[in-house]
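J.: This one is structure.cif, mmCIF, C-alpha atoms and all ligand atoms.
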```
data_work
#
loop_
_atom_site.group_PDB
_atom_site.id
_atom_site.type_symbol
_atom_site.label_atom_id
_atom_site.label_comp_id
_atom_site.auth_asym_id
_atom_site.auth_seq_id
_atom_site.Cartn_x
_atom_site.Cartn_y
_atom_site.Cartn_z
ATOM 1 C CA PHE A 1 6.197 23.673 -16.698
ATOM 2 C CA PRO A 2 7.281 20.480 -14.903
ATOM 3 C CA LEU A 3 5.650 17.198 -15.896
ATOM 4 C CA ALA A 4 5.340 13.932 -14.015
ATOM 5 C CA GLY A 5 3.203 10.838 -14.421
ATOM 6 C CA VAL A 6 2.666 7.207 -13.641
ATOM 7 C CA ILE A 7 3.921 4.322 -15.783
ATOM 8 C CA GLY A 8 2.247 0.919 -15.710
ATOM 9 C CA ASN A 9 0.412 -1.645 -17.790
ATOM 10 C CA PRO A 10 -2.560 -1.370 -17.557
ATOM 11 C CA ILE A 11 -2.752 2.161 -16.166
ATOM 12 C CA GLY A 12 -6.415 3.213 -16.348
ATOM 13 C CA GLN A 13 -7.131 2.067 -12.791
ATOM 14 C CA SER A 14 -4.375 4.168 -11.213
ATOM 15 C CA LYS A 15 -5.513 6.779 -8.700
ATOM 16 C CA SER A 16 -2.206 8.633 -8.896
ATOM 17 C CA PRO A 17 -3.282 11.139 -11.588
ATOM 18 C CA ARG A 18 -6.199 12.274 -9.435
ATOM 19 C CA LEU A 19 -3.971 12.435 -6.386
ATOM 20 C CA HIS A 20 -1.237 14.559 -7.923
ATOM 21 C CA ARG A 21 -3.581 16.742 -9.962
ATOM 22 C CA HIS A 22 -5.530 17.546 -6.825
ATOM 23 C CA TRP A 23 -2.334 18.741 -5.164
ATOM 24 C CA LEU A 24 -1.245 20.710 -8.264
ATOM 25 C CA THR A 25 -4.554 22.569 -8.317
ATOM 26 C CA ARG A 26 -4.642 23.066 -4.579
ATOM 27 C CA TYR A 27 -1.192 24.627 -4.431
ATOM 28 C CA GLY A 28 -1.615 26.570 -7.682
ATOM 29 C CA ILE A 29 1.397 24.870 -9.271
ATOM 30 C CA ARG A 30 1.773 25.020 -13.046
ATOM 31 C CA GLY A 31 2.542 21.461 -14.129
ATOM 32 C CA ASP A 32 0.790 18.247 -15.008
ATOM 33 C CA TYR A 33 0.687 14.561 -14.101
ATOM 34 C CA VAL A 34 -0.307 11.990 -16.710
ATOM 35 C CA PRO A 35 -1.022 8.245 -16.878
ATOM 36 C CA MET A 36 1.252 6.353 -19.296
ATOM 37 C CA GLN A 37 0.675 2.793 -20.468
ATOM 38 C CA VAL A 38 4.048 1.281 -21.348
ATOM 39 C CA GLU A 39 5.064 -2.233 -22.439
ATOM 40 C CA GLU A 40 7.942 -3.904 -20.640
ATOM 41 C CA ALA A 41 10.048 -3.985 -23.819
ATOM 42 C CA ASP A 42 9.732 -0.189 -24.190
ATOM 43 C CA LEU A 43 10.328 0.736 -20.553
ATOM 44 C CA GLU A 44 13.973 1.768 -20.795
ATOM 45 C CA THR A 45 13.487 3.771 -23.987
ATOM 46 C CA VAL A 46 10.535 5.581 -22.440
ATOM 47 C CA LEU A 47 12.426 6.329 -19.230
ATOM 48 C CA ARG A 48 15.406 7.734 -21.143
ATOM 49 C CA THR A 49 13.125 9.837 -23.335
ATOM 50 C CA LEU A 50 10.794 11.365 -20.725
ATOM 51 C CA PRO A 51 13.447 13.728 -19.261
ATOM 52 C CA LYS A 52 13.987 15.156 -22.761
ATOM 53 C CA MET A 53 10.267 15.968 -22.899
ATOM 54 C CA GLY A 54 10.096 18.034 -19.734
ATOM 55 C CA PHE A 55 9.406 15.275 -17.248
ATOM 56 C CA VAL A 56 11.012 15.700 -13.830
ATOM 57 C CA GLY A 57 10.061 12.256 -12.598
ATOM 58 C CA ALA A 58 7.479 9.506 -12.521
ATOM 59 C CA ASN A 59 5.766 6.922 -10.425
ATOM 60 C CA VAL A 60 6.085 3.326 -11.506
ATOM 61 C CA THR A 61 3.423 0.723 -10.893
ATOM 62 C CA LEU A 62 2.737 -2.883 -11.888
ATOM 63 C CA PRO A 63 4.320 -4.672 -13.653
ATOM 64 C CA HIS A 64 7.412 -2.415 -13.784
ATOM 65 C CA LYS A 65 8.282 -1.872 -10.121
ATOM 66 C CA VAL A 66 11.054 -4.486 -10.054
ATOM 67 C CA SER A 67 12.544 -4.118 -13.540
ATOM 68 C CA VAL A 68 12.968 -0.374 -13.099
ATOM 69 C CA LEU A 69 15.690 -1.096 -10.518
ATOM 70 C CA SER A 70 18.068 -2.353 -13.191
ATOM 71 C CA ILE A 71 17.396 0.653 -15.433
ATOM 72 C CA ALA A 72 17.896 3.366 -12.794
ATOM 73 C CA ASP A 73 21.350 4.881 -12.330
ATOM 74 C CA ARG A 74 20.972 5.111 -8.563
ATOM 75 C CA VAL A 75 18.661 3.231 -6.215
ATOM 76 C CA THR A 76 17.979 4.215 -2.592
ATOM 77 C CA ASP A 77 18.770 1.775 0.217
ATOM 78 C CA ARG A 78 15.112 1.281 1.055
ATOM 79 C CA ALA A 79 14.246 0.465 -2.565
ATOM 80 C CA ILE A 80 17.074 -2.084 -2.655
ATOM 81 C CA LEU A 81 15.815 -3.668 0.582
ATOM 82 C CA ILE A 82 12.238 -3.806 -0.672
ATOM 83 C CA GLY A 83 13.414 -5.019 -4.073
ATOM 84 C CA ALA A 84 11.189 -2.646 -6.033
ATOM 85 C CA ALA A 85 10.771 1.057 -6.788
ATOM 86 C CA ASN A 86 7.677 3.226 -7.176
ATOM 87 C CA THR A 87 9.137 6.730 -7.472
ATOM 88 C CA LEU A 88 11.660 8.026 -9.999
ATOM 89 C CA ILE A 89 13.471 11.337 -10.070
ATOM 90 C CA PHE A 90 14.965 12.521 -13.365
ATOM 91 C CA ARG A 91 17.995 14.599 -12.421
ATOM 92 C CA GLU A 92 19.332 17.543 -14.390
ATOM 93 C CA ASP A 93 22.506 15.599 -15.199
ATOM 94 C CA GLY A 94 20.344 13.048 -17.038
ATOM 95 C CA THR A 95 20.514 10.321 -14.417
ATOM 96 C CA ILE A 96 17.506 8.448 -13.061
ATOM 97 C CA HIS A 97 17.157 7.934 -9.304
ATOM 98 C CA ALA A 98 14.771 5.265 -8.021
ATOM 99 C CA ASP A 99 13.157 5.185 -4.588
ATOM 100 C CA ASN A 100 10.405 3.205 -2.889
ATOM 101 C CA THR A 101 7.916 5.196 -0.818
ATOM 102 C CA ASP A 102 5.372 2.401 -0.223
ATOM 103 C CA GLY A 103 6.700 1.545 3.232
ATOM 104 C CA TYR A 104 6.944 5.240 4.086
ATOM 105 C CA GLY A 105 3.310 5.635 2.964
ATOM 106 C CA PHE A 106 2.230 2.714 5.076
ATOM 107 C CA ILE A 107 3.897 4.041 8.246
ATOM 108 C CA SER A 108 2.775 7.654 7.716
ATOM 109 C CA ASN A 109 -0.803 6.487 7.258
ATOM 110 C CA LEU A 110 -0.614 4.331 10.364
ATOM 111 C CA LYS A 111 0.765 7.206 12.434
ATOM 112 C CA GLN A 112 -1.830 9.649 11.134
ATOM 113 C CA GLY A 113 -4.702 7.234 11.804
ATOM 114 C CA ALA A 114 -3.375 5.944 15.137
ATOM 115 C CA PRO A 115 -1.211 8.736 16.634
ATOM 116 C CA ASP A 116 -0.478 6.702 19.774
ATOM 117 C CA TRP A 117 0.684 3.638 17.819
ATOM 118 C CA ASP A 118 3.640 2.062 19.631
ATOM 119 C CA PRO A 119 5.863 -0.197 17.498
ATOM 120 C CA LYS A 120 7.288 -1.724 20.686
ATOM 121 C CA ALA A 121 3.949 -2.529 22.347
ATOM 122 C CA GLY A 122 3.998 -6.125 21.111
ATOM 123 C CA PRO A 123 4.307 -8.285 18.013
ATOM 124 C CA THR A 124 2.878 -7.240 14.647
ATOM 125 C CA ALA A 125 0.792 -9.812 12.762
ATOM 126 C CA VAL A 126 1.080 -9.594 8.966
ATOM 127 C CA PHE A 127 -1.221 -11.447 6.565
ATOM 128 C CA GLY A 128 0.343 -11.981 3.141
ATOM 129 C CA ALA A 129 3.867 -12.234 1.756
ATOM 130 C CA GLY A 130 3.664 -10.514 -1.652
ATOM 131 C CA GLY A 131 5.157 -7.273 -2.907
ATOM 132 C CA ALA A 132 3.148 -5.076 -0.555
ATOM 133 C CA ALA A 133 4.176 -7.203 2.431
ATOM 134 C CA ARG A 134 7.863 -6.718 1.578
ATOM 135 C CA ALA A 135 7.567 -2.930 1.682
ATOM 136 C CA ILE A 136 5.551 -3.062 4.896
ATOM 137 C CA ILE A 137 7.940 -5.475 6.642
ATOM 138 C CA VAL A 138 10.949 -3.315 5.759
ATOM 139 C CA ALA A 139 9.134 -0.229 7.071
ATOM 140 C CA LEU A 140 7.993 -1.929 10.282
ATOM 141 C CA ALA A 141 11.533 -3.127 10.981
ATOM 142 C CA GLN A 142 12.871 0.397 10.419
ATOM 143 C CA GLU A 143 10.317 1.703 12.922
ATOM 144 C CA GLY A 144 11.725 -0.659 15.537
ATOM 145 C CA VAL A 145 9.143 -3.456 15.458
ATOM 146 C CA ASP A 146 11.228 -6.428 16.539
ATOM 147 C CA GLU A 147 8.698 -9.229 16.362
ATOM 148 C CA ILE A 148 6.709 -9.884 13.187
ATOM 149 C CA LEU A 149 4.325 -12.836 12.956
ATOM 150 C CA LEU A 150 3.891 -13.610 9.255
ATOM 151 C CA SER A 151 1.293 -15.845 7.660
ATOM 152 C CA ASN A 152 0.705 -16.512 3.983
ATOM 153 C CA ARG A 153 -1.447 -18.978 2.064
ATOM 154 C CA THR A 154 1.675 -20.102 0.198
ATOM 155 C CA ARG A 155 3.935 -20.741 3.167
ATOM 156 C CA PRO A 156 7.284 -20.878 1.281
ATOM 157 C CA LYS A 157 6.874 -17.200 0.334
ATOM 158 C CA ALA A 158 6.688 -16.305 4.013
ATOM 159 C CA GLU A 159 9.693 -18.553 4.735
ATOM 160 C CA ALA A 160 11.634 -16.759 2.006
ATOM 161 C CA LEU A 161 10.954 -13.391 3.662
ATOM 162 C CA ARG A 162 12.163 -14.799 6.958
ATOM 163 C CA ALA A 163 15.335 -16.071 5.267
ATOM 164 C CA GLU A 164 15.881 -12.615 3.799
ATOM 165 C CA PHE A 165 14.888 -10.336 6.695
ATOM 166 C CA GLY A 166 15.956 -12.513 9.612
ATOM 167 C CA PRO A 167 14.733 -13.925 12.881
ATOM 168 C CA ARG A 168 12.554 -10.959 13.807
ATOM 169 C CA ILE A 169 10.072 -12.727 11.498
ATOM 170 C CA GLN A 170 8.255 -15.798 12.746
ATOM 171 C CA VAL A 171 6.235 -17.759 10.182
ATOM 172 C CA VAL A 172 2.793 -18.999 11.212
ATOM 173 C CA ASP A 173 0.895 -21.513 9.118
ATOM 174 C CA TRP A 174 -2.064 -20.088 7.179
ATOM 175 C CA VAL A 175 -4.516 -22.469 8.839
ATOM 176 C CA GLN A 176 -3.372 -21.142 12.221
ATOM 177 C CA ALA A 177 -3.207 -17.480 11.240
ATOM 178 C CA GLY A 178 -5.872 -16.585 13.816
ATOM 179 C CA ASN A 179 -3.459 -17.588 16.592
ATOM 180 C CA MET A 180 -1.224 -14.609 15.758
ATOM 181 C CA LEU A 181 -3.911 -12.283 17.018
ATOM 182 C CA GLU A 182 -3.732 -13.358 20.640
ATOM 183 C CA GLU A 183 -0.417 -11.538 21.070
ATOM 184 C CA ALA A 184 -0.465 -9.000 18.285
ATOM 185 C CA THR A 185 -0.788 -5.307 19.134
ATOM 186 C CA THR A 186 -0.601 -4.366 15.452
ATOM 187 C CA VAL A 187 -2.405 -6.296 12.701
ATOM 188 C CA VAL A 188 -1.898 -5.720 8.978
ATOM 189 C CA ASN A 189 -3.664 -7.262 5.993
ATOM 190 C CA THR A 190 -1.346 -6.975 2.975
ATOM 191 C CA THR A 191 -3.326 -9.420 0.800
ATOM 192 C CA SER A 192 -6.005 -8.559 -1.713
ATOM 193 C CA LEU A 193 -8.553 -10.480 0.365
ATOM 194 C CA GLY A 194 -11.509 -8.321 1.324
ATOM 195 C CA MET A 195 -11.250 -6.194 -1.802
ATOM 196 C CA ALA A 196 -14.472 -5.772 -3.793
ATOM 197 C CA GLY A 197 -14.759 -8.787 -6.109
ATOM 198 C CA GLN A 198 -12.271 -10.864 -4.077
ATOM 199 C CA PRO A 199 -12.966 -13.426 -1.343
ATOM 200 C CA GLU A 200 -12.961 -12.274 2.285
ATOM 201 C CA LEU A 201 -10.020 -12.794 4.625
ATOM 202 C CA ARG A 202 -11.430 -15.716 6.550
ATOM 203 C CA VAL A 203 -9.387 -15.678 9.723
ATOM 204 C CA PRO A 204 -11.126 -16.197 13.063
ATOM 205 C CA LEU A 205 -10.855 -12.934 14.974
ATOM 206 C CA ASP A 206 -11.916 -14.324 18.373
ATOM 207 C CA GLY A 207 -8.431 -13.832 19.772
ATOM 208 C CA LEU A 208 -8.013 -10.251 18.514
ATOM 209 C CA ARG A 209 -7.033 -7.916 21.334
ATOM 210 C CA SER A 210 -9.165 -4.824 21.844
ATOM 211 C CA ASP A 211 -5.994 -2.723 22.263
ATOM 212 C CA ALA A 212 -4.626 -3.742 18.846
ATOM 213 C CA VAL A 213 -4.253 -1.272 15.978
ATOM 214 C CA VAL A 214 -5.651 -2.947 12.854
ATOM 215 C CA THR A 215 -4.918 -1.780 9.325
ATOM 216 C CA ASP A 216 -5.660 -2.997 5.822
ATOM 217 C CA ILE A 217 -4.012 -2.082 2.532
ATOM 218 C CA VAL A 218 -7.336 -2.684 0.771
ATOM 219 C CA TYR A 219 -9.300 0.565 0.260
ATOM 220 C CA ALA A 220 -12.208 -0.564 -1.935
ATOM 221 C CA PRO A 221 -14.281 -0.904 0.148
ATOM 222 C CA LEU A 222 -12.787 1.574 2.597
ATOM 223 C CA ARG A 223 -14.171 -0.324 5.531
ATOM 224 C CA THR A 224 -13.270 -3.967 4.897
ATOM 225 C CA GLN A 225 -14.815 -6.776 6.913
ATOM 226 C CA LEU A 226 -11.539 -7.053 8.838
ATOM 227 C CA LEU A 227 -11.687 -3.382 9.846
ATOM 228 C CA GLN A 228 -15.410 -3.603 10.599
ATOM 229 C CA SER A 229 -14.948 -6.586 12.919
ATOM 230 C CA ALA A 230 -11.917 -4.990 14.573
ATOM 231 C CA ALA A 231 -13.817 -1.756 15.194
ATOM 232 C CA GLU A 232 -16.626 -3.758 16.791
ATOM 233 C CA LYS A 233 -14.038 -5.193 19.183
ATOM 234 C CA GLY A 234 -12.941 -1.692 20.132
ATOM 235 C CA CYS A 235 -9.702 -1.678 18.118
ATOM 236 C CA ILE A 236 -8.355 1.439 16.470
ATOM 237 C CA THR A 237 -8.621 0.831 12.709
ATOM 238 C CA VAL A 238 -6.777 2.506 9.837
ATOM 239 C CA ASP A 239 -7.987 2.056 6.260
ATOM 240 C CA GLY A 240 -5.768 1.544 3.231
ATOM 241 C CA LEU A 241 -6.545 4.693 1.252
ATOM 242 C CA GLY A 242 -4.101 6.760 3.277
ATOM 243 C CA MET A 243 -1.181 4.504 2.349
ATOM 244 C CA LEU A 244 -1.769 5.293 -1.315
ATOM 245 C CA LEU A 245 -2.040 9.012 -0.585
ATOM 246 C CA HIS A 246 1.021 9.215 1.660
ATOM 247 C CA GLN A 247 3.242 7.246 -0.730
ATOM 248 C CA GLY A 248 2.767 10.099 -3.196
ATOM 249 C CA VAL A 249 4.070 12.796 -0.836
ATOM 250 C CA PRO A 250 7.859 12.411 -1.307
ATOM 251 C CA GLY A 251 7.574 12.285 -5.117
ATOM 252 C CA PHE A 252 5.315 15.337 -5.346
ATOM 253 C CA GLU A 253 7.637 17.308 -3.080
ATOM 254 C CA ARG A 254 10.727 16.429 -5.135
ATOM 255 C CA TRP A 255 9.103 17.095 -8.503
ATOM 256 C CA PHE A 256 7.058 20.186 -7.750
ATOM 257 C CA GLY A 257 8.838 21.733 -4.777
ATOM 258 C CA HIS A 258 5.970 21.792 -2.309
ATOM 259 C CA ARG A 259 5.365 19.288 0.478
ATOM 260 C CA PRO A 260 1.676 18.332 0.138
ATOM 261 C CA VAL A 261 -0.699 17.365 2.948
ATOM 262 C CA VAL A 262 -2.956 14.317 3.261
ATOM 263 C CA ASP A 263 -6.345 15.264 4.689
ATOM 264 C CA ASP A 264 -10.067 14.585 4.276
ATOM 265 C CA GLU A 265 -10.393 16.946 1.340
ATOM 266 C CA LEU A 266 -7.781 14.894 -0.527
ATOM 267 C CA ARG A 267 -9.405 11.599 0.460
ATOM 268 C CA LYS A 268 -12.711 12.762 -1.019
ATOM 269 C CA ALA A 269 -11.048 14.011 -4.188
ATOM 270 C CA VAL A 270 -9.246 10.738 -4.862
ATOM 271 C CA LEU A 271 -11.979 8.221 -3.984
HETATM 272 P P1 LIG B 301 0.939 -7.291 -3.798
HETATM 273 O O1 LIG B 301 2.034 -6.610 -4.567
HETATM 274 O O2 LIG B 301 -0.337 -6.498 -3.718
HETATM 275 O O3 LIG B 301 1.382 -7.769 -2.467
HETATM 276 P P2 LIG B 301 1.161 -9.994 -4.740
HETATM 277 O O4 LIG B 301 2.634 -9.882 -4.695
HETATM 278 O O5 LIG B 301 0.519 -10.671 -5.886
HETATM 279 O O6 LIG B 301 0.498 -8.559 -4.706
HETATM 280 O O7 LIG B 301 0.663 -10.665 -3.365
HETATM 281 C C1 LIG B 301 -0.681 -10.953 -3.118
HETATM 282 C C2 LIG B 301 -0.824 -11.494 -1.706
HETATM 283 O O8 LIG B 301 -2.217 -11.787 -1.455
HETATM 284 C C3 LIG B 301 -0.079 -12.801 -1.478
HETATM 285 O O9 LIG B 301 0.318 -12.868 -0.132
HETATM 286 C C4 LIG B 301 -1.162 -13.836 -1.799
HETATM 287 O O10 LIG B 301 -0.954 -15.097 -1.223
HETATM 288 P P3 LIG B 301 -0.111 -16.214 -2.043
HETATM 289 O O11 LIG B 301 1.330 -15.851 -1.865
HETATM 290 O O12 LIG B 301 -0.467 -17.490 -1.387
HETATM 291 O O13 LIG B 301 -0.562 -16.135 -3.471
HETATM 292 C C5 LIG B 301 -2.362 -13.162 -1.177
HETATM 293 N N1 LIG B 301 -3.616 -13.681 -1.730
HETATM 294 C C6 LIG B 301 -4.203 -13.334 -2.892
HETATM 295 N N2 LIG B 301 -5.345 -14.028 -3.081
HETATM 296 C C7 LIG B 301 -5.474 -14.854 -1.997
HETATM 297 C C8 LIG B 301 -6.441 -15.830 -1.586
HETATM 298 N N3 LIG B 301 -7.522 -16.095 -2.326
HETATM 299 N N4 LIG B 301 -6.236 -16.459 -0.407
HETATM 300 C C9 LIG B 301 -5.149 -16.198 0.351
HETATM 301 N N5 LIG B 301 -4.211 -15.299 0.017
HETATM 302 C C10 LIG B 301 -4.355 -14.628 -1.145
#
```
Output the structure of this file as structure tokens.

T.:
Amino acid sequence: FPLAGVIGNPIGQSKSPRLHRHWLTRYGIRGDYVPMQVEEADLETVLRTLPKMGFVGANVTLPHKVSVLSIADRVTDRAILIGAANTLIFREDGTIHADNTDGYGFISNLKQGAPDWDPKAGPTAVFGAGGAARAIIVALAQEGVDEILLSNRTRPKAEALRAEFGPRIQVVDWVQAGNMLEEATTVVNTTSLGMAGQPELRVPLDGLRSDAVVTDIVYAPLRTQLLQSAAEKGCITVDGLGMLLHQGVPGFERWFGHRPVVDDELRKAVL
């Protein structure tokens, strides 16, 4: 009876229990997936104890995604590059393996929503330079995107990503962020702007190309103002819910032995 779950603080808002429980029911797998609220000071003790209680792995969310790297016994290359982990596998030999599937989830969602997406068509414009942006930049680079225009309200955070990930990143000042859109064939909002209860992303979209693929990591609302405006321009748009759903695929497969699908039925179940 394999168990998995998600560890964070707070944890009540996490959609992961609904996601994984939907898959467990759908595939008739005996097992469970539970939310766990854990304090930073208790994280290592909890992680060392869970395998003794029948847990085969766990997702990790805020604020533990970075600190879990120093607890894990092995960390995948992509998690090291991103500098955070979201998926843990508890191995039979007692070791903990940490991976990051956020970038994978982002790319899988993009490819599902825009099957003809071409990473080489032109530059990618990225709004934001936080944790989500790191995962997305690493994933875009791995897909072969070789020009990333990056703009963040706090410019030094964008400069730091350029220093870390190299000259494929070009930093654009926040007040000129709209200029990125004239060239960009892929546009990504990685900020929380546009989320219900947050301010809108106020970037002039006049220059946005009608052949651009536009995606947002925000999924509440599903159709953000950015996606709405882009759709009105004729762009292909991809909402952020799929990123959340796809990031869960590798973990579920490892823990429960069945590769799950992401489709409309799942989207409805999780929303
Ligand atoms: P996440 O892990 O979701 O990326 P984060 O690391 O806190 O969360 O990053 C949040 C991102 O949204 C940052 O790029 C942040 O910009 P700053 O680096 O300037 O803080 C951006 N963001 C949040 N609120 C914003 C606002 N009101 N205006 C502009 N950018 C905002």

J.: A:Gly242, A:Gly83, A:Leu47, A:Ala184: which is nearest A:Pro123, counting only C-alpha atoms?

T.: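 Once distances to A:Pro123 are computed over only C-alpha atoms, the minimum belongs to A:Ala184.
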
J.: Kindly assemble as a Markdown table a list of the chain A residues that lie within 9 Å of ligand LIG 301 (chain B), each paired with its nearest atom pair and their distance in Å to one decimal, using all atoms listed in the file, sorted first by chain and then by ascending residue number.

T.:
```
| residue | atom | partner | partner_atom | distance |
| --- | --- | --- | --- | --- |
| A:Leu62 | CA | B:LIG301 | O1 | 8.2 |
| A:Phe127 | CA | B:LIG301 | O9 | 7.0 |
| A:Gly128 | CA | B:LIG301 | O9 | 3.4 |
| A:Ala129 | CA | B:LIG301 | O9 | 4.1 |
| A:Gly130 | CA | B:LIG301 | O4 | 3.3 |
| A:Gly131 | CA | B:LIG301 | O1 | 3.6 |
| A:Ala132 | CA | B:LIG301 | O3 | 3.7 |
| A:Ala133 | CA | B:LIG301 | O3 | 5.7 |
| A:Arg134 | CA | B:LIG301 | O3 | 7.7 |
| A:Ala135 | CA | B:LIG301 | O3 | 8.9 |
| A:Ser151 | CA | B:LIG301 | O9 | 8.4 |
| A:Asn152 | CA | B:LIG301 | O9 | 5.5 |
| A:Arg153 | CA | B:LIG301 | O12 | 3.9 |
| A:Thr154 | CA | B:LIG301 | O12 | 3.7 |
| A:Arg155 | CA | B:LIG301 | O12 | 7.1 |
| A:Pro156 | CA | B:LIG301 | O11 | 8.4 |
| A:Lys157 | CA | B:LIG301 | O11 | 6.1 |
| A:Ala158 | CA | B:LIG301 | O11 | 8.0 |
| A:Trp174 | CA | B:LIG301 | C9 | 8.4 |
| A:Asn189 | CA | B:LIG301 | O8 | 8.8 |
| A:Thr190 | CA | B:LIG301 | O3 | 6.1 |
| A:Thr191 | CA | B:LIG301 | O8 | 3.5 |
| A:Ser192 | CA | B:LIG301 | O8 | 5.0 |
| A:Leu193 | CA | B:LIG301 | C7 | 5.8 |
| A:Gln198 | CA | B:LIG301 | N3 | 7.3 |
| A:Pro199 | CA | B:LIG301 | N3 | 6.1 |
| A:Glu200 | CA | B:LIG301 | N3 | 8.1 |
| A:Leu201 | CA | B:LIG301 | N4 | 7.3 |
| A:Arg202 | CA | B:LIG301 | N4 | 8.7 |
| A:Ile217 | CA | B:LIG301 | O2 | 8.5 |
```

J.: Rounded to one decimal place, report the atom CA of A:Gly197-atom CA of A:Pro10 distance in Å.

T.: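 So the two atoms, atom CA of A:Gly197 and atom CA of A:Pro10, lie 18.3 Å apart.
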
J.: I need every residue sitting at most 9 Å from the point (4.6, 2.1, -14.1) (coordinates as in the file, only C-alpha atoms considered), written as a list in words.

T.: Gly5, Val6, Ile7, Gly8, Asn9, Pro10, Ile11, Pro35, Met36, Gln37, Val38, Leu43, Ala58, Asn59, Val60, Thr61, Leu62, Pro63, His64, Lys65, Val68 and Asn86 of chain A

J.: Counting all atoms listed in the file, write as an MDAnalysis selection string all protein and nucleic acid residues lying at most 7 Å from (-5.2, -9.2, 25.1) in the file's frame.

T.: chainID A and resid 182:183 209:210

J.: For the atom pair atom CA of A:Val138 and atom CA of A:Phe106, what is the interatomic distance in Å to one decimal place?

T.: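 Atom CA of A:Phe106 lies 10.6 Å from atom CA of A:Val138.
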
J.: Here's the selection I'm unsure about, the PyMOL selection byres (((chain A and resi 222-226) around 8) and not hetatm); applied to the file above, which residues does it give, as a list in words?

T.: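 On this input, the PyMOL selection byres (((chain A and resi 222-226) around 8) and not hetatm) captures Gly194, Met195, Glu200, Leu201, Asp216, Val218, Tyr219, Ala220, Pro221, Leu227, Gln228, Ser229, Ala230, Asp239, Gly240 and Leu241 of chain A.
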
J.: If the PyMOL selection byres (((chain A and resi 74) around 8) and not hetatm) were run on this exact file, what residues would it hold? Put them as a JSON list (two decimals) with C-alpha atoms, in the coordinates of the input.

T.:
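And here is the file that came out, selection.json:
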```
[["chain", "number", "residue", "atom", "x", "y", "z"],
["A", 72, "ALA", "CA", 17.90, 3.37, -12.79],
["A", 73, "ASP", "CA", 21.35, 4.88, -12.33],
["A", 75, "VAL", "CA", 18.66, 3.23, -6.22],
["A", 76, "THR", "CA", 17.98, 4.22, -2.59],
["A", 95, "THR", "CA", 20.51, 10.32, -14.42],
["A", 96, "ILE", "CA", 17.51, 8.45, -13.06],
["A", 97, "HIS", "CA", 17.16, 7.93, -9.30],
["A", 98, "ALA", "CA", 14.77, 5.26, -8.02]]
```

J.: Just so the selection is clear, what residues does the PyMOL selection byres (((chain A and resi 103) around 8) and not hetatm) cover here, as number ranges by chain?

T.: A: 100-102, 104-107, 135-140, 247

J.: Distance atom CA of A:Gly28-atom CA of A:Gly57, one decimal place?

T.: 19.1 Å

J.: Could you name the residues that touch A:Phe165 at 10 Å or less, counting all atoms listed in the file, but leaving out those on the same chain fewer than 3 positions away, as a PyMOL selection string?

T.: chain A and resi 81+134+137-138+141+159-162+168-169

J.: What are the nearest atom pairs, with distances in Å to one decimal, for all residues of stretch 106-200 of chain A that come at most 12 Å from stretch 253-264 of chain A, using only C-alpha atoms, set out by chain and rising residue number as CSV?

T.:
```
residue,atom,partner,partner_atom,distance
A:Ser108,CA,A:Val262,CA,9.9
A:Asn109,CA,A:Val262,CA,9.1
A:Gln112,CA,A:Val262,CA,9.2
A:Gly113,CA,A:Asp263,CA,10.9
```

J.: Between A:His20, A:Val171, A:Ile29, A:Ala85, single out the one closest to A:His246, counting all atoms listed in the file.

T.: A:His20

J.: Hey, which of A:Leu271, A:Val175, A:Leu50, A:Ala231 ends up closest to A:Val214? Count all atoms listed in the file.

T.: A:Ala231

J.: Would you pull stretch 121-130 of chain A out of the block just shown and save N, CA and C atoms as a short mmCIF file (atom, residue, chain, number, x, y, z; two decimals), in the first residue's frame?

T.:
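Wrote it out as result_19.cif, contents follow:
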```cif
data_model
loop_
_atom_site.label_atom_id
_atom_site.label_comp_id
_atom_site.auth_asym_id
_atom_site.auth_seq_id
_atom_site.Cartn_x
_atom_site.Cartn_y
_atom_site.Cartn_z
N ALA A 121 12.29 29.27 -33.28
CA ALA A 121 11.62 30.24 -34.16
C ALA A 121 12.10 31.66 -33.90
N GLY A 122 12.48 31.96 -32.68
CA GLY A 122 12.90 33.32 -32.34
C GLY A 122 13.15 33.41 -30.85
N PRO A 123 13.43 34.60 -30.34
CA PRO A 123 13.70 34.73 -28.91
C PRO A 123 12.47 34.45 -28.05
N THR A 124 12.72 34.05 -26.81
CA THR A 124 11.66 33.86 -25.82
C THR A 124 11.74 35.01 -24.83
N ALA A 125 10.60 35.67 -24.60
CA ALA A 125 10.53 36.75 -23.61
C ALA A 125 10.01 36.17 -22.30
N VAL A 126 10.74 36.41 -21.22
CA VAL A 126 10.34 35.90 -19.89
C VAL A 126 10.13 37.08 -18.95
N PHE A 127 8.97 37.16 -18.35
CA PHE A 127 8.68 38.14 -17.30
C PHE A 127 8.91 37.47 -15.95
N GLY A 128 9.78 38.07 -15.12
CA GLY A 128 9.99 37.54 -13.78
C GLY A 128 11.31 36.81 -13.67
N ALA A 129 11.90 36.85 -12.47
CA ALA A 129 13.20 36.21 -12.25
C ALA A 129 13.23 35.52 -10.88
N GLY A 130 12.10 34.96 -10.46
CA GLY A 130 12.03 34.24 -9.19
C GLY A 130 12.29 32.76 -9.38
#
```
